[in-house]
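Undergrad: Got final-v9.cif for you, mmCIF, C-alpha atoms:
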```
data_my_file
#
loop_
_atom_site.label_atom_id
_atom_site.label_comp_id
_atom_site.auth_asym_id
_atom_site.auth_seq_id
_atom_site.Cartn_x
_atom_site.Cartn_y
_atom_site.Cartn_z
CA MET X 1 13.53 29.80 -78.02
CA PRO X 2 14.89 27.11 -80.28
CA TRP X 3 11.46 25.65 -80.99
CA MET X 4 12.68 24.09 -84.19
CA ARG X 5 15.05 22.04 -82.08
CA ALA X 6 12.09 21.04 -79.94
CA ALA X 7 10.00 20.27 -82.98
CA GLY X 8 12.72 18.25 -84.63
CA ARG X 9 14.17 16.45 -81.63
CA ALA X 10 10.77 15.83 -80.10
CA LEU X 11 9.97 13.70 -83.08
CA LEU X 12 12.67 11.33 -81.85
CA VAL X 13 10.08 8.77 -80.98
CA ALA X 14 10.07 5.04 -81.11
CA ALA X 15 8.61 2.65 -83.58
CA VAL X 16 5.24 2.20 -81.97
CA VAL X 17 2.66 0.48 -84.14
CA LEU X 18 -0.73 1.60 -82.91
CA ALA X 19 -4.14 0.51 -83.97
CA GLY X 20 -6.32 3.07 -85.76
CA TYR X 21 -8.19 5.55 -83.58
CA ALA X 22 -11.96 5.74 -83.56
CA GLY X 23 -13.40 9.09 -84.54
CA PHE X 24 -11.40 11.91 -86.04
CA GLY X 25 -12.08 14.82 -83.72
CA VAL X 26 -12.13 17.70 -86.21
CA ARG X 27 -15.21 19.87 -85.85
CA GLY X 28 -17.67 19.83 -88.71
CA ASP X 29 -17.59 23.61 -89.24
CA THR X 30 -14.12 23.59 -90.82
CA GLY X 31 -15.06 23.07 -94.43
CA ALA X 32 -13.15 19.76 -94.55
CA ALA X 33 -14.87 16.58 -95.65
CA PRO X 34 -16.17 14.84 -92.49
CA GLY X 35 -14.53 11.48 -91.91
CA GLY X 36 -11.95 12.05 -94.64
CA ARG X 37 -9.20 9.47 -94.62
CA GLY X 38 -6.18 9.10 -96.81
CA PRO X 39 -2.57 10.22 -97.31
CA LEU X 40 -1.20 13.10 -95.24
CA THR X 41 1.51 15.73 -95.32
CA LEU X 42 3.18 16.70 -92.04
CA VAL X 43 5.07 20.00 -92.09
CA THR X 44 7.65 20.94 -89.50
CA ALA X 45 10.86 22.85 -89.11
CA GLY X 46 13.97 21.03 -90.28
CA ASP X 47 14.39 17.71 -88.50
CA LEU X 48 17.71 17.89 -86.70
CA THR X 49 17.88 14.15 -86.15
CA ASP X 50 17.56 10.92 -88.09
CA TYR X 51 14.59 9.66 -86.12
CA LEU X 52 11.69 11.38 -87.84
CA SER X 53 11.74 9.49 -91.10
CA PRO X 54 11.88 6.05 -89.42
CA LEU X 55 9.02 7.09 -87.14
CA LEU X 56 6.84 8.02 -90.06
CA GLU X 57 7.81 4.83 -91.84
CA ASP X 58 6.49 2.91 -88.84
CA TRP X 59 3.22 4.84 -89.10
CA ASN X 60 3.11 4.22 -92.83
CA GLU X 61 3.66 0.52 -92.39
CA ALA X 62 0.75 0.32 -89.96
CA HIS X 63 -1.45 2.64 -92.06
CA PRO X 64 -0.69 1.92 -95.74
CA GLY X 65 -3.75 3.85 -96.88
CA GLU X 66 -2.84 6.91 -94.79
CA ARG X 67 0.83 7.33 -95.58
CA VAL X 68 2.51 10.47 -94.27
CA THR X 69 4.86 12.58 -96.37
CA LEU X 70 7.23 14.81 -94.43
CA VAL X 71 7.88 18.39 -95.49
CA GLU X 72 10.83 19.99 -93.69
CA LEU X 73 11.13 23.77 -93.70
CA PRO X 74 14.24 25.73 -92.62
CA ASP X 75 15.60 25.39 -89.08
CA SER X 76 14.94 29.09 -88.45
CA ALA X 77 11.63 29.62 -86.65
CA ASP X 78 11.02 32.91 -88.47
CA GLU X 79 11.60 31.32 -91.88
CA THR X 80 9.46 28.32 -90.97
CA ARG X 81 6.59 30.55 -89.88
CA ALA X 82 6.87 32.68 -93.02
CA GLN X 83 6.80 29.67 -95.34
CA MET X 84 3.91 28.04 -93.49
CA ILE X 85 1.88 31.22 -93.67
CA SER X 86 2.65 31.73 -97.36
CA GLU X 87 1.42 28.22 -98.14
CA LEU X 88 -1.67 28.51 -95.92
CA ARG X 89 -2.65 31.83 -97.48
CA SER X 90 -2.40 30.33 -100.94
CA GLY X 91 -5.34 28.01 -100.24
CA ARG X 92 -3.63 25.12 -102.04
CA GLY X 93 -4.12 22.68 -99.19
CA ARG X 94 -0.62 21.23 -99.40
CA PHE X 95 -0.28 20.70 -95.63
CA ASP X 96 -2.52 18.52 -93.45
CA VAL X 97 -0.81 18.49 -90.04
CA LEU X 98 1.31 21.41 -88.86
CA ASN X 99 3.89 21.31 -86.08
CA ILE X 100 3.75 24.92 -84.86
CA ASP X 101 5.37 26.93 -82.12
CA VAL X 102 3.02 27.30 -79.16
CA ALA X 103 3.09 31.08 -79.65
CA TRP X 104 1.61 30.79 -83.15
CA THR X 105 -1.58 28.96 -82.16
CA SER X 106 -3.64 32.11 -81.57
CA GLU X 107 -2.46 33.76 -84.78
CA PHE X 108 -3.14 30.69 -86.92
CA ALA X 109 -6.54 30.12 -85.30
CA ALA X 110 -7.67 33.73 -85.67
CA ALA X 111 -6.66 33.69 -89.34
CA GLY X 112 -8.69 30.54 -90.00
CA TRP X 113 -5.66 28.51 -91.07
CA ILE X 114 -6.19 25.69 -88.56
CA SER X 115 -9.37 23.86 -87.60
CA PRO X 116 -10.97 23.75 -84.17
CA LEU X 117 -10.79 20.30 -82.59
CA GLU X 118 -13.15 18.30 -80.41
CA ARG X 119 -11.79 18.37 -76.85
CA GLY X 120 -13.16 14.91 -76.11
CA ARG X 121 -11.16 13.38 -78.95
CA PHE X 122 -7.84 13.75 -77.14
CA PRO X 123 -6.90 12.78 -73.54
CA LEU X 124 -6.22 16.35 -72.44
CA GLU X 125 -6.80 15.41 -68.79
CA ALA X 126 -3.61 13.33 -69.00
CA PHE X 127 -1.56 16.35 -70.06
CA LEU X 128 0.12 18.90 -67.82
CA ARG X 129 -2.58 21.49 -67.16
CA PRO X 130 -0.74 24.65 -68.32
CA VAL X 131 0.31 23.18 -71.67
CA VAL X 132 -3.30 22.73 -72.77
CA ASP X 133 -3.80 26.48 -72.47
CA THR X 134 -1.20 27.05 -75.21
CA ALA X 135 -3.42 25.11 -77.63
CA THR X 136 -6.58 27.16 -77.09
CA PHE X 137 -7.82 30.46 -78.45
CA ASP X 138 -11.03 32.28 -77.67
CA GLY X 139 -12.22 29.38 -75.56
CA ARG X 140 -11.75 26.67 -78.21
CA LEU X 141 -9.16 23.95 -78.77
CA TYR X 142 -7.23 24.52 -81.99
CA ALA X 143 -4.25 22.21 -81.51
CA VAL X 144 -2.92 19.42 -79.32
CA PRO X 145 0.21 19.94 -77.19
CA TYR X 146 3.09 17.85 -78.45
CA VAL X 147 6.29 19.08 -76.80
CA THR X 148 6.53 21.48 -73.91
CA ASN X 149 9.34 23.54 -72.41
CA ALA X 150 9.93 25.70 -69.38
CA GLY X 151 12.90 27.80 -68.41
CA LEU X 152 15.22 26.62 -65.62
CA LEU X 153 17.96 28.36 -63.67
CA TYR X 154 21.23 26.47 -64.14
CA TYR X 155 23.89 27.13 -61.52
CA ARG X 156 27.46 26.12 -60.72
CA LYS X 157 26.89 23.73 -57.84
CA ASP X 158 30.59 23.34 -57.16
CA VAL X 159 31.02 27.08 -56.70
CA LEU X 160 27.99 27.55 -54.45
CA ASP X 161 28.94 24.49 -52.39
CA ARG X 162 32.40 25.90 -51.86
CA GLU X 163 30.85 29.14 -50.63
CA GLY X 164 28.35 27.31 -48.39
CA GLU X 165 25.44 28.79 -50.38
CA GLN X 166 22.16 27.35 -51.65
CA PRO X 167 20.91 28.15 -55.17
CA PRO X 168 18.85 31.35 -55.20
CA ARG X 169 15.07 31.32 -54.73
CA THR X 170 14.59 35.08 -55.03
CA TRP X 171 15.82 37.85 -57.28
CA ALA X 172 17.65 39.43 -54.37
CA GLU X 173 19.56 36.22 -53.66
CA LEU X 174 20.40 35.80 -57.34
CA ALA X 175 21.64 39.37 -57.62
CA ARG X 176 23.77 39.11 -54.47
CA GLN X 177 25.41 35.84 -55.47
CA ALA X 178 25.94 36.90 -59.07
CA ARG X 179 27.42 40.22 -57.97
CA THR X 180 29.67 38.99 -55.14
CA ILE X 181 30.55 35.32 -55.76
CA ALA X 182 30.96 35.19 -59.53
CA PRO X 183 33.87 37.67 -59.74
CA GLU X 184 35.83 35.69 -57.12
CA TYR X 185 35.91 32.76 -59.55
CA GLY X 186 36.46 34.78 -62.72
CA LEU X 187 32.85 34.18 -63.85
CA ASP X 188 30.12 36.35 -65.27
CA GLY X 189 27.12 36.46 -62.97
CA TYR X 190 23.93 35.78 -64.91
CA ALA X 191 22.77 35.41 -68.49
CA GLY X 192 19.59 34.65 -70.34
CA GLN X 193 18.63 35.21 -73.96
CA PHE X 194 18.92 38.96 -74.28
CA LEU X 195 19.54 39.56 -77.99
CA PRO X 196 16.45 41.29 -79.48
CA TYR X 197 14.61 38.26 -80.90
CA GLU X 198 11.94 35.89 -79.59
CA GLY X 199 14.19 34.84 -76.70
CA LEU X 200 14.16 38.38 -75.31
CA THR X 201 10.36 38.40 -75.47
CA VAL X 202 10.41 35.20 -73.39
CA ASN X 203 12.87 36.56 -70.82
CA ALA X 204 11.03 39.86 -70.45
CA THR X 205 7.65 38.14 -70.18
CA GLU X 206 9.01 35.83 -67.48
CA ALA X 207 10.25 38.80 -65.48
CA VAL X 208 6.88 40.56 -65.73
CA HIS X 209 4.88 37.46 -64.78
CA SER X 210 7.27 36.51 -61.97
CA ALA X 211 6.60 39.93 -60.45
CA GLY X 212 2.85 39.26 -60.63
CA GLY X 213 2.08 41.19 -63.80
CA SER X 214 0.93 40.39 -67.32
CA ILE X 215 1.16 41.88 -70.79
CA LEU X 216 -2.19 41.16 -72.43
CA ARG X 217 -5.47 39.68 -71.28
CA ASP X 218 -5.91 36.06 -72.38
CA ASP X 219 -7.93 36.94 -75.48
CA GLY X 220 -5.40 39.58 -76.52
CA ALA X 221 -8.05 42.28 -76.60
CA ARG X 222 -6.92 44.31 -73.59
CA VAL X 223 -3.46 45.60 -72.68
CA THR X 224 -2.53 44.89 -69.05
CA VAL X 225 1.17 45.74 -69.01
CA ASP X 226 0.80 49.18 -67.36
CA SER X 227 1.38 47.97 -63.79
CA ASP X 228 3.85 48.22 -60.94
CA ALA X 229 4.60 44.52 -61.45
CA ALA X 230 5.65 45.05 -65.07
CA ARG X 231 7.88 47.93 -64.03
CA ALA X 232 9.45 45.74 -61.32
CA GLY X 233 10.12 42.94 -63.80
CA LEU X 234 11.90 45.22 -66.26
CA ARG X 235 13.77 46.90 -63.41
CA PHE X 236 15.19 43.53 -62.36
CA LEU X 237 16.76 43.12 -65.82
CA ALA X 238 17.96 46.73 -66.01
CA ASP X 239 19.54 46.59 -62.54
CA GLY X 240 21.48 43.49 -63.54
CA VAL X 241 23.15 45.36 -66.39
CA ARG X 242 23.65 48.55 -64.40
CA ASP X 243 25.17 46.73 -61.44
CA GLY X 244 27.33 44.47 -63.61
CA TRP X 245 26.01 41.03 -62.68
CA ILE X 246 24.55 40.77 -66.18
CA SER X 247 27.49 41.32 -68.49
CA ARG X 248 27.26 43.38 -71.63
CA ASP X 249 28.27 40.26 -73.57
CA ALA X 250 24.99 38.64 -72.48
CA LEU X 251 23.03 41.30 -74.39
CA GLY X 252 24.10 39.45 -77.55
CA TYR X 253 23.17 35.95 -76.39
CA LYS X 254 20.59 33.62 -77.88
CA GLU X 255 20.04 30.08 -76.58
CA GLU X 256 23.17 28.53 -77.96
CA GLU X 257 25.51 31.42 -77.15
CA SER X 258 24.32 31.41 -73.55
CA ARG X 259 24.53 27.61 -73.32
CA ARG X 260 28.12 27.65 -74.54
CA ALA X 261 29.05 30.37 -72.05
CA PHE X 262 27.74 28.23 -69.19
CA GLN X 263 29.03 24.93 -70.56
CA ASP X 264 32.50 26.39 -71.12
CA GLY X 265 32.64 27.46 -67.48
CA ARG X 266 32.18 31.21 -67.94
CA LEU X 267 28.88 31.73 -66.07
CA LEU X 268 27.66 31.27 -62.52
CA PHE X 269 23.95 31.34 -63.44
CA LEU X 270 22.06 30.72 -66.69
CA ARG X 271 18.40 30.89 -67.60
CA ASN X 272 17.75 28.42 -70.44
CA TRP X 273 15.58 25.48 -71.58
CA PRO X 274 15.81 21.85 -70.37
CA TYR X 275 17.84 20.67 -73.38
CA VAL X 276 20.86 22.34 -71.78
CA TYR X 277 20.88 19.75 -68.98
CA ALA X 278 21.88 16.91 -71.28
CA ASP X 279 24.40 19.01 -73.21
CA ALA X 280 26.06 20.48 -70.11
CA GLY X 281 26.30 17.04 -68.51
CA ALA X 282 27.77 15.31 -71.55
CA GLU X 283 31.34 14.08 -71.81
CA GLY X 284 33.65 16.93 -72.73
CA SER X 285 31.50 19.62 -71.11
CA GLY X 286 33.45 22.03 -68.93
CA VAL X 287 30.81 21.79 -66.19
CA ALA X 288 29.85 18.09 -66.34
CA GLY X 289 29.07 16.89 -62.81
CA ARG X 290 29.45 20.41 -61.42
CA PHE X 291 26.08 22.07 -62.02
CA GLY X 292 22.46 21.87 -60.97
CA ALA X 293 19.09 23.29 -62.01
CA VAL X 294 16.25 24.89 -60.03
CA PRO X 295 13.08 26.81 -60.90
CA LEU X 296 13.52 30.41 -61.95
CA PRO X 297 13.56 32.80 -58.99
CA GLY X 298 11.09 35.65 -58.49
CA PRO X 299 10.79 38.64 -56.17
CA ASP X 300 9.70 36.62 -53.12
CA GLY X 301 10.27 32.99 -54.13
CA PRO X 302 10.09 30.86 -57.27
CA GLY X 303 9.02 32.85 -60.31
CA SER X 304 7.17 31.95 -63.49
CA SER X 305 8.60 30.55 -66.68
CA VAL X 306 7.11 31.08 -70.10
CA LEU X 307 5.91 27.89 -71.76
CA GLY X 308 7.76 26.81 -74.85
CA GLY X 309 7.40 23.86 -77.15
CA SER X 310 5.18 23.02 -80.09
CA ASN X 311 1.59 22.04 -80.81
CA LEU X 312 0.14 19.87 -83.56
CA ALA X 313 -2.72 21.36 -85.56
CA VAL X 314 -4.92 20.27 -88.47
CA SER X 315 -4.96 22.62 -91.42
CA SER X 316 -8.38 24.00 -92.27
CA ARG X 317 -7.59 22.84 -95.83
CA ALA X 318 -6.62 19.31 -94.75
CA ARG X 319 -7.58 16.75 -97.36
CA HIS X 320 -8.12 13.96 -94.85
CA PRO X 321 -8.96 15.40 -91.40
CA ALA X 322 -9.82 12.03 -89.86
CA SER X 323 -6.38 10.65 -90.66
CA ALA X 324 -4.79 13.93 -89.53
CA ALA X 325 -6.42 13.67 -86.10
CA ASP X 326 -5.34 10.04 -85.82
CA LEU X 327 -1.74 10.98 -86.55
CA ILE X 328 -1.87 13.64 -83.83
CA ALA X 329 -3.31 11.10 -81.39
CA TYR X 330 -0.44 8.74 -82.26
CA LEU X 331 2.25 11.38 -81.76
CA THR X 332 0.79 12.40 -78.39
CA SER X 333 0.18 8.86 -77.13
CA GLU X 334 1.89 7.74 -73.91
CA PRO X 335 4.43 5.35 -75.55
CA VAL X 336 5.52 7.96 -78.07
CA GLN X 337 5.65 10.74 -75.47
CA ARG X 338 7.86 8.54 -73.31
CA ARG X 339 10.35 8.32 -76.15
CA VAL X 340 10.17 12.07 -76.69
CA LEU X 341 11.89 12.25 -73.33
CA THR X 342 14.17 9.21 -73.44
CA GLU X 343 15.33 9.59 -77.05
CA GLY X 344 14.85 13.30 -77.65
CA SER X 345 15.77 14.65 -74.19
CA LEU X 346 12.78 16.95 -74.48
CA PRO X 347 9.89 17.56 -72.09
CA PRO X 348 6.80 15.52 -72.94
CA VAL X 349 3.28 16.83 -72.36
CA ARG X 350 1.93 13.82 -70.41
CA ALA X 351 1.90 14.50 -66.67
CA ALA X 352 2.41 10.93 -65.46
CA LEU X 353 5.83 10.70 -67.11
CA TYR X 354 7.19 13.31 -64.69
CA GLU X 355 6.47 11.01 -61.74
CA ASP X 356 7.79 7.78 -63.22
CA PRO X 357 10.62 6.54 -60.92
CA GLU X 358 12.54 4.92 -63.75
CA LEU X 359 12.47 8.11 -65.82
CA ILE X 360 13.45 10.23 -62.82
CA ARG X 361 16.50 8.04 -62.22
CA ALA X 362 17.58 8.58 -65.80
CA HIS X 363 16.56 12.26 -65.89
CA PRO X 364 16.99 13.65 -62.36
CA TYR X 365 15.85 17.15 -63.33
CA LEU X 366 12.26 15.97 -63.98
CA PRO X 367 10.81 16.98 -60.57
CA THR X 368 12.30 20.48 -60.95
CA LEU X 369 11.03 20.74 -64.49
CA ARG X 370 7.57 19.59 -63.46
CA GLN X 371 7.47 22.32 -60.81
CA SER X 372 8.49 24.90 -63.40
CA LEU X 373 5.95 23.68 -65.94
CA LEU X 374 3.06 23.72 -63.47
CA SER X 375 3.73 27.37 -62.62
CA ALA X 376 4.53 28.42 -66.20
CA VAL X 377 2.47 30.79 -68.32
CA PRO X 378 1.86 31.09 -72.08
CA ARG X 379 3.27 33.98 -74.01
CA PRO X 380 0.79 36.80 -74.71
CA LYS X 381 -2.08 35.50 -76.82
CA SER X 382 -2.87 37.68 -79.81
CA PRO X 383 -3.90 37.24 -83.46
CA ARG X 384 -1.00 39.62 -84.14
CA TYR X 385 1.52 37.91 -81.90
CA ASP X 386 4.44 38.69 -84.22
CA GLN X 387 3.83 42.43 -83.75
CA VAL X 388 3.34 42.02 -80.00
CA SER X 389 6.63 40.16 -79.72
CA LEU X 390 8.53 42.77 -81.71
CA ALA X 391 7.18 45.51 -79.45
CA VAL X 392 8.20 43.64 -76.30
CA GLN X 393 11.66 42.95 -77.71
CA ALA X 394 12.27 46.57 -78.66
CA VAL X 395 11.22 47.91 -75.27
CA ALA X 396 13.18 45.29 -73.32
CA GLN X 397 16.27 45.96 -75.43
CA ASP X 398 16.13 49.67 -74.65
CA VAL X 399 15.66 48.99 -70.94
CA MET X 400 18.62 46.60 -70.78
CA ALA X 401 20.76 48.97 -72.83
CA LEU X 402 19.86 51.60 -70.20
CA ARG X 403 18.40 53.89 -72.84
CA GLN X 404 14.98 53.99 -71.13
CA THR X 405 13.85 53.63 -67.56
CA PRO X 406 11.39 50.84 -66.70
CA GLU X 407 8.74 53.51 -66.14
CA GLN X 408 9.27 55.01 -69.59
CA ALA X 409 9.43 51.57 -71.17
CA VAL X 410 6.14 50.35 -69.68
CA GLU X 411 4.35 53.53 -70.75
CA ARG X 412 5.71 53.13 -74.28
CA LEU X 413 4.88 49.41 -74.43
CA ALA X 414 1.32 49.98 -73.25
CA ARG X 415 0.86 52.60 -75.96
CA GLU X 416 2.31 50.41 -78.72
CA LEU X 417 0.36 47.32 -77.68
CA GLY X 418 -2.82 49.39 -77.57
CA THR X 419 -2.24 50.38 -81.20
CA ILE X 420 -1.61 46.75 -82.18
CA SER X 421 -4.73 45.52 -80.35
CA ARG X 422 -6.93 48.06 -82.14
CA LYS X 423 -5.79 46.94 -85.59
CA GLY X 424 -8.23 44.97 -87.66
#
```
Write out the structure in this file as structure tokens.
TA:
Amino acid sequence: MPWMRAAGRALLVAAVVLAGYAGFGVRGDTGAAPGGRGPLTLVTAGDLTDYLSPLLEDWNEAHPGERVTLVELPDSADETRAQMISELRSGRGRFDVLNIDVAWTSEFAAAGWISPLERGRFPLEAFLRPVVDTATFDGRLYAVPYVTNAGLLYYRKDVLDREGEQPPRTWAELARQARTIAPEYGLDGYAGQFLPYEGLTVNATEAVHSAGGSILRDDGARVTVDSDAARAGLRFLADGVRDGWISRDALGYKEEESRRAFQDGRLLFLRNWPYVYADAGAEGSGVAGRFGAVPLPGPDGPGSSVLGGSNLAVSSRARHPASAADLIAYLTSEPVQRRVLTEGSLPPVRAALYEDPELIRAHPYLPTLRQSLLSAVPRPKSPRYDQVSLAVQAVAQDVMALRQTPEQAVERLARELGTISRKG
């Protein structure tokens, strides 16, 4: 998932001058000075727009004693994570607020790099319910949701209309249409993000959850992947390759490669994130005005997406935790979240924005996205998420390359995840 795009573009927010917030919301057992106020450093992946610096200048103008300095790390999520961890392990306290991938929250919390937060400090009841779960670990709040994401199924509406077909709601319908209709129009059937990287973890996890299974228990302590549902999810992906409605080219796709394939008019169906909607509908797109988006299908109806996006956390070494919490409250306020959508074309975390008639007119996919978000699930929670993800990727790659059966793959994955869970 291109979370750095979410982290950068989601900071495309307006100049909103807010009054200071009462109370700072960082728990007193963090080692930080209670009530500490002063200058801050916000660290994020590389900002892909020109909006972030003006936004922080607006904050700085309203809070001259709590000025924010921006630190931009590389666009690559892996490099960003590595540099953040290196700095946090050093104990130097350079960073105050961290914009982190939702999948990193458990790892950073378990390592003691981010501070637990007071739930009552932030209006979590105004957020979409599933996104709050991405910010918790072991029953405590360690971050505040900032940007969310859920996978959608993009489809060629013109092609399905010509065939008198509705977009698929089940795996069987998807497979039939991808196998029989796509070749008639010179199209590949279906693609997701199937290169062995984080995107493959997401796609495999979605397949398992859509079939009713799971990979780990919520606390990451127990492996739950050894199930008929997990085998069914991996079989869906393997059958697509074996039967030809997932092309071999798709096994090398990440987000952007798959987006381009759909946008250039080479795909009937695409699983990808909401940012594709704006790109595919833009002037010059090969499918502008000729596509639609629906929730991901599952075995018997709509399936489950994996939640993407980023959370804002306060470093356990933050110099000024009160100011850090105020900055997070500002970035997750309703006016700023509205501009996350209107200026950044990214899904905000505030639920009411998905039912705003004016926003729906401008962004007609919002009701579909809301449906996908409300049924979405976090990625497996584990203090060793990086190892969990690598194991899932490796197994899913072998299944889709037809080197292992789903039965063999689930047995292997359960064994490897058991070893990871027993570490430490």
Undergrad: Name every residue that the PyMOL selection byres ((chain X and resi 255-271) around 6) selects in this structure, writing the answer as an mmCIF file with C-alpha atoms, in the frame of the given file with chains first and numbers rising.
TA:
```cif
data_model
loop_
_atom_site.group_PDB
_atom_site.id
_atom_site.type_symbol
_atom_site.label_atom_id
_atom_site.label_comp_id
_atom_site.auth_asym_id
_atom_site.auth_seq_id
_atom_site.Cartn_x
_atom_site.Cartn_y
_atom_site.Cartn_z
ATOM 1 C CA LEU X 152 15.220 26.620 -65.620
ATOM 2 C CA LEU X 153 17.960 28.360 -63.670
ATOM 3 C CA TYR X 154 21.230 26.470 -64.140
ATOM 4 C CA TYR X 155 23.890 27.130 -61.520
ATOM 5 C CA ARG X 156 27.460 26.120 -60.720
ATOM 6 C CA ALA X 182 30.960 35.190 -59.530
ATOM 7 C CA LEU X 187 32.850 34.180 -63.850
ATOM 8 C CA ASP X 188 30.120 36.350 -65.270
ATOM 9 C CA GLY X 189 27.120 36.460 -62.970
ATOM 10 C CA TYR X 190 23.930 35.780 -64.910
ATOM 11 C CA ALA X 191 22.770 35.410 -68.490
ATOM 12 C CA GLY X 192 19.590 34.650 -70.340
ATOM 13 C CA GLN X 193 18.630 35.210 -73.960
ATOM 14 C CA TYR X 253 23.170 35.950 -76.390
ATOM 15 C CA LYS X 254 20.590 33.620 -77.880
ATOM 16 C CA ASN X 272 17.750 28.420 -70.440
ATOM 17 C CA ALA X 280 26.060 20.480 -70.110
ATOM 18 C CA SER X 285 31.500 19.620 -71.110
ATOM 19 C CA GLY X 286 33.450 22.030 -68.930
ATOM 20 C CA VAL X 287 30.810 21.790 -66.190
#
```
Undergrad: Excluding Arg89 in chain X and its own-chain neighbours fewer than 6 positions away, which residues fall within 10 Å of it when counting all atoms listed in the file? Please give them as a VMD selection string.
TA: chain X and resid 83 111 to 113
Undergrad: Going by the chain IDs and residue numbers used in this file, which residues fall under the PyMOL selection byres ((chain X and resi 385) around 10)? Write them as a list of chain:residue names.
TA: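 Applied to this file, the PyMOL selection byres ((chain X and resi 385) around 10) selects X:Ala103, X:Trp104, X:Thr105, X:Ser106, X:Glu107, X:Phe108, X:Gly220, X:Arg379, X:Pro380, X:Lys381, X:Ser382, X:Pro383, X:Arg384, X:Asp386, X:Gln387, X:Val388, X:Ser389, X:Leu390, X:Ala391, X:Ile420, X:Ser421.
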Undergrad: CA of Arg290 in chain X to CA of Thr342 in chain X: how many Å, to one decimal?
TA: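 The value is 22.4 Å.
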Undergrad: In Å, with one decimal, what is the gap from CA of Glu343 in chain X to CA of Leu40 in chain X?
TA: 24.8 Å
Undergrad: Kindly give the distance, in Å, that separates CA of Ala77 in chain X and CA of Gly298 in chain X, rounded to a single decimal.
TA: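 Between CA of Ala77 in chain X and CA of Gly298 in chain X the gap is 28.8 Å.
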Undergrad: Nearest to Val377 in chain X: which of X:Pro130, X:Pro54, X:Pro321, X:Pro274 is it, counting all atoms listed in the file?
TA: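 Answer, going by the shortest atom-to-atom distance: X:Pro130.
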Undergrad: Take the PyMOL selection byres ((chain X and resi 68) around 10), run it mentally on this structure, and tell me the resulting residues as a list in words.
TA: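 When the PyMOL selection byres ((chain X and resi 68) around 10) is applied to the shown file, the picked residues are Gly38, Pro39, Leu40, Thr41, Leu42, Ser53, Leu56, Glu57, Trp59, Asn60, His63, Pro64, Gly65, Glu66, Arg67, Thr69, Leu70, Val71, Asp96, Val97, Ser323, Ala324 and Leu327 of chain X.
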Undergrad: If we draw a sphere of 7 Å around (1.7, 19.0, -65.1), which residues have at least one atom in it when counting only C-alpha atoms? Please report them as a tab-separated table (two decimals) with C-alpha atoms, keeping the file's coordinate frame.
TA:
```
chain	number	residue	atom	x	y	z
X	127	PHE	CA	-1.56	16.35	-70.06
X	128	LEU	CA	0.12	18.90	-67.82
X	129	ARG	CA	-2.58	21.49	-67.16
X	130	PRO	CA	-0.74	24.65	-68.32
X	351	ALA	CA	1.90	14.50	-66.67
X	370	ARG	CA	7.57	19.59	-63.46
X	373	LEU	CA	5.95	23.68	-65.94
X	374	LEU	CA	3.06	23.72	-63.47
```
Undergrad: May I ask which of the residues X:Ile246, X:Val294, X:Leu98, X:Ala318 is the closest one to Pro183 in chain X, counting only C-alpha atoms?
TA: X:Ile246
Undergrad: With all atoms listed in the file as the basis for distance, which of X:Ala62, X:Arg235, X:Ile85, X:Phe95 is at the shortest distance from His320 in chain X?
TA: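 Once distances to His320 in chain X are computed over all atoms listed in the file, the minimum belongs to X:Phe95.
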Undergrad: For a quick check of understanding, using only C-alpha atoms, which of X:Ser310, X:Ser316, X:Gln177, X:Ser333 has the smallest distance to Arg92 in chain X?
TA: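 Distance minimum relative to Arg92 in chain X lands on X:Ser316.
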Undergrad: Give the answer as one residue: which of X:Glu87, X:Glu283, X:Glu79, X:Asp228 has the shortest atom-to-atom distance to Arg317 in chain X, using only C-alpha atoms?
TA: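 That would be X:Glu87, the residue with the smallest distance to Arg317 in chain X.
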